[in-house]
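Peer 1: Have a look at this one.
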Amino acid sequence: MADAFTTRVLHVASGSRERVVDLTQDCEAFLRQAAAGRDGLLNIFVPHATAGIAVIETGAGSDDDLLTALHTLLPADDRWQHRHGSPGHGRDHVLPAFVPPHATLPVVGGRLELGTWQSVCLVDTNKDNPDRQVRLSFLG
């Protein structure tokens with residue numbers, strides 16, 4: 001059972017601006033070791049109340065489009081009850097209801113099964129917390 005479940009924590013410096021951080025290469029590197037050619041599931045989890053995990057196309061503008069859509073849905077203004085931190089920070093605490101803090105993806109033959117343009121991304125709108133942890137867990 002020891003090799004059926006493996007986990008690793010990534011430390012991601014997301015900086016002091018809103019970002020979509022592509023974690024796909026980190027996930028693939030983890031699976032090369034953890035899955036060792038086996039089938040299973042990869043769970044990606046961010047243990048923060050103000051960040052999420054998205055499977056989205058990156059590099060063609062979709063990552064910026066996601067942040068723009070989140071600004072429309074969750075504006076950074078003073079409407080939020082949750083008021084500590086920078087102005088509008090309350091919306092960061094609502095983000096995980098729209099971009100959940102986890103994703104579970106299939107692994108086949110030790111490789112992440114993503115569509116052609118899909119990437120695994122950390123979505124972080126919280127400018128007050130520049131350091132994130134992301135837990136990768138493989139169940140084979």
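Following the order of the structure tokens, first chain is A, next is B, and so on, with residues numbered from 1 inside each chain and ligands from 1 in the order they appear.
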Find the residues around Ala36 in chain A up to 9 Å (only C-alpha atoms counted), leave out those fewer than 6 positions away in its own chain, and share them as a VMD selection string.

Peer 2: chain A and resid 109 to 111

Peer 1: Extract, using only C-alpha atoms, all DNA, RNA and protein residues at most 8 Å from range 42-44 of chain A, discarding same-chain residues fewer than 2 positions from it, and format them as a ChimeraX atom specification.

Peer 2: /A:40,46,53,102-107,112,134-139

Peer 1: For the residues in that selection, give me N, CA and C atoms as an mmCIF file, in the first residue's frame.

Peer 2:
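As a result, part.cif now contains:
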data_model
loop_
_atom_site.group_PDB
_atom_site.id
_atom_site.type_symbol
_atom_site.label_atom_id
_atom_site.label_comp_id
_atom_site.auth_asym_id
_atom_site.auth_seq_id
_atom_site.Cartn_x
_atom_site.Cartn_y
_atom_site.Cartn_z
ATOM 1 N N GLY A 40 -3.865 5.740 -12.482
ATOM 2 C CA GLY A 40 -4.376 6.191 -11.188
ATOM 3 C C GLY A 40 -5.017 7.556 -11.305
ATOM 4 N N VAL A 46 -4.944 23.069 -3.118
ATOM 5 C CA VAL A 46 -4.301 24.250 -2.555
ATOM 6 C C VAL A 46 -4.988 24.565 -1.218
ATOM 7 N N ILE A 53 -7.745 25.958 -8.056
ATOM 8 C CA ILE A 53 -7.093 25.168 -9.093
ATOM 9 C C ILE A 53 -8.036 25.127 -10.294
ATOM 10 N N HIS A 102 -9.306 22.518 -5.589
ATOM 11 C CA HIS A 102 -8.838 21.164 -5.892
ATOM 12 C C HIS A 102 -9.256 20.735 -7.290
ATOM 13 N N ALA A 103 -8.545 19.731 -7.801
ATOM 14 C CA ALA A 103 -8.927 19.056 -9.041
ATOM 15 C C ALA A 103 -8.396 17.635 -8.943
ATOM 16 N N THR A 104 -9.141 16.688 -9.479
ATOM 17 C CA THR A 104 -8.700 15.300 -9.555
ATOM 18 C C THR A 104 -8.723 14.898 -11.019
ATOM 19 N N LEU A 105 -7.576 14.422 -11.504
ATOM 20 C CA LEU A 105 -7.399 14.154 -12.927
ATOM 21 C C LEU A 105 -6.902 12.731 -13.153
ATOM 22 N N PRO A 106 -7.285 12.126 -14.270
ATOM 23 C CA PRO A 106 -6.846 10.761 -14.564
ATOM 24 C C PRO A 106 -5.372 10.714 -14.976
ATOM 25 N N VAL A 107 -4.729 9.624 -14.574
ATOM 26 C CA VAL A 107 -3.354 9.335 -14.973
ATOM 27 C C VAL A 107 -3.390 7.973 -15.662
ATOM 28 N N LEU A 112 -0.296 12.276 -17.169
ATOM 29 C CA LEU A 112 -1.500 13.060 -16.929
ATOM 30 C C LEU A 112 -2.333 13.101 -18.201
ATOM 31 N N VAL A 134 0.933 23.926 -2.758
ATOM 32 C CA VAL A 134 0.038 23.115 -3.571
ATOM 33 C C VAL A 134 0.408 21.672 -3.302
ATOM 34 N N ARG A 135 -0.549 20.884 -2.851
ATOM 35 C CA ARG A 135 -0.309 19.470 -2.554
ATOM 36 C C ARG A 135 -0.688 18.622 -3.750
ATOM 37 N N LEU A 136 0.269 17.839 -4.226
ATOM 38 C CA LEU A 136 0.031 16.875 -5.305
ATOM 39 C C LEU A 136 -0.020 15.495 -4.672
ATOM 40 N N SER A 137 -1.068 14.728 -4.961
ATOM 41 C CA SER A 137 -1.207 13.380 -4.417
ATOM 42 C C SER A 137 -1.567 12.427 -5.539
ATOM 43 N N PHE A 138 -0.798 11.341 -5.643
ATOM 44 C CA PHE A 138 -1.075 10.316 -6.652
ATOM 45 C C PHE A 138 -1.601 9.078 -5.951
ATOM 46 N N LEU A 139 -2.731 8.589 -6.431
ATOM 47 C CA LEU A 139 -3.306 7.350 -5.935
ATOM 48 C C LEU A 139 -3.310 6.387 -7.111
#

Peer 1: In terms of the shortest atom-to-atom distance over only C-alpha atoms, which of A:Thr125, A:Leu23, A:Ala34, A:Val108 is closest to Pro75 in chain A?

Peer 2: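 Closest to Pro75 in chain A of all the choices is A:Thr125.
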
Peer 1: What does the distance between CA of Val21 in chain A and CA of His84 in chain A come to in Å, to one decimal place?

Peer 2: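 Going from CA of Val21 in chain A over to CA of His84 in chain A covers 24.8 Å.
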
Peer 1: Please provide as number ranges by chain all residues within 8 Å of His11 in chain A, with the sequence filter that same-chain residues fewer than 6 positions apart are discarded (counting only C-alpha atoms).

Peer 2: A: 131-134

Peer 1: For the residues in the current selection, export N, CA, C and O atoms as an mmCIF file, in the first residue's frame.

Peer 2:
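For reference, out-v9.cif as written:
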data_model
loop_
_atom_site.group_PDB
_atom_site.id
_atom_site.type_symbol
_atom_site.label_atom_id
_atom_site.label_comp_id
_atom_site.auth_asym_id
_atom_site.auth_seq_id
_atom_site.Cartn_x
_atom_site.Cartn_y
_atom_site.Cartn_z
ATOM 1 N N ASP A 131 3.047 33.651 -1.128
ATOM 2 C CA ASP A 131 3.611 32.301 -1.046
ATOM 3 C C ASP A 131 2.497 31.286 -0.855
ATOM 4 O O ASP A 131 1.726 31.362 0.100
ATOM 5 N N ARG A 132 2.452 30.311 -1.766
ATOM 6 C CA ARG A 132 1.391 29.302 -1.745
ATOM 7 C C ARG A 132 1.981 27.907 -1.665
ATOM 8 O O ARG A 132 3.099 27.667 -2.123
ATOM 9 N N GLN A 133 1.187 27.008 -1.112
ATOM 10 C CA GLN A 133 1.519 25.598 -1.125
ATOM 11 C C GLN A 133 0.473 24.896 -1.998
ATOM 12 O O GLN A 133 -0.704 25.247 -1.957
ATOM 13 N N VAL A 134 0.933 23.926 -2.758
ATOM 14 C CA VAL A 134 0.038 23.115 -3.571
ATOM 15 C C VAL A 134 0.408 21.672 -3.302
ATOM 16 O O VAL A 134 1.564 21.284 -3.483
#

Peer 1: If DSSP is run on the backbone, what residues of range 4-140 of chain A are strand (DSSP E or B)? A reply as a tab-separated table (two decimals) with C-alpha atoms, in the first residue's frame would be ideal.

Peer 2:
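Result file follows (result.tsv):
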chain	number	residue	atom	x	y	z
A	5	PHE	CA	-0.38	6.71	-2.44
A	6	THR	CA	2.35	9.34	-2.79
A	7	THR	CA	2.20	13.03	-2.01
A	8	ARG	CA	4.42	16.09	-2.44
A	9	VAL	CA	3.99	19.75	-1.54
A	10	LEU	CA	5.00	22.40	-4.06
A	11	HIS	CA	5.93	25.87	-2.86
A	12	VAL	CA	4.75	28.48	-5.36
A	13	ALA	CA	5.74	32.14	-5.19
A	19	ARG	CA	-1.87	35.40	-11.35
A	20	VAL	CA	-2.70	32.19	-13.10
A	21	VAL	CA	0.35	29.95	-12.54
A	22	ASP	CA	0.76	26.93	-14.82
A	40	GLY	CA	-4.38	6.19	-11.19
A	41	LEU	CA	-5.56	9.62	-10.12
A	42	LEU	CA	-3.72	12.86	-9.45
A	43	ASN	CA	-5.30	15.16	-6.91
A	44	ILE	CA	-4.14	18.77	-6.81
A	45	PHE	CA	-5.13	20.72	-3.71
A	51	ALA	CA	-6.85	30.46	-4.18
A	52	GLY	CA	-8.09	27.77	-6.52
A	53	ILE	CA	-7.09	25.17	-9.09
A	54	ALA	CA	-8.31	25.42	-12.70
A	55	VAL	CA	-7.85	23.26	-15.77
A	56	ILE	CA	-7.65	25.83	-18.54
A	102	HIS	CA	-8.84	21.16	-5.89
A	103	ALA	CA	-8.93	19.06	-9.04
A	104	THR	CA	-8.70	15.30	-9.56
A	105	LEU	CA	-7.40	14.15	-12.93
A	106	PRO	CA	-6.85	10.76	-14.56
A	107	VAL	CA	-3.35	9.34	-14.97
A	108	VAL	CA	-2.89	6.67	-17.66
A	111	ARG	CA	1.00	10.34	-17.69
A	112	LEU	CA	-1.50	13.06	-16.93
A	119	SER	CA	-3.09	23.01	-18.36
A	120	VAL	CA	-3.33	22.62	-14.58
A	121	CYS	CA	-3.16	26.07	-12.98
A	122	LEU	CA	-3.11	27.78	-9.62
A	123	VAL	CA	-5.48	30.77	-9.68
A	124	ASP	CA	-4.43	33.34	-7.09
A	131	ASP	CA	3.61	32.30	-1.05
A	132	ARG	CA	1.39	29.30	-1.75
A	133	GLN	CA	1.52	25.60	-1.13
A	134	VAL	CA	0.04	23.12	-3.57
A	135	ARG	CA	-0.31	19.47	-2.55
A	136	LEU	CA	0.03	16.88	-5.31
A	137	SER	CA	-1.21	13.38	-4.42
A	138	PHE	CA	-1.07	10.32	-6.65
A	139	LEU	CA	-3.31	7.35	-5.94

Peer 1: Tell me which protein, DNA and RNA residues are within 10 Å of His89 in chain A, counting only C-alpha atoms, leaving out same-chain ones fewer than 2 positions away, and put them as a list in words.

Peer 2: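 So, after excluding close chain neighbours, the residues are Thr50, Pro75, Ala76, Asp77, Asp78, Trp80, Gln81, His82, Arg83, His84, Gly85, Ser86, Pro87, Arg91, Asp92, His93, Val94, Thr125, Asn126, Lys127 and Asp128 of chain A.
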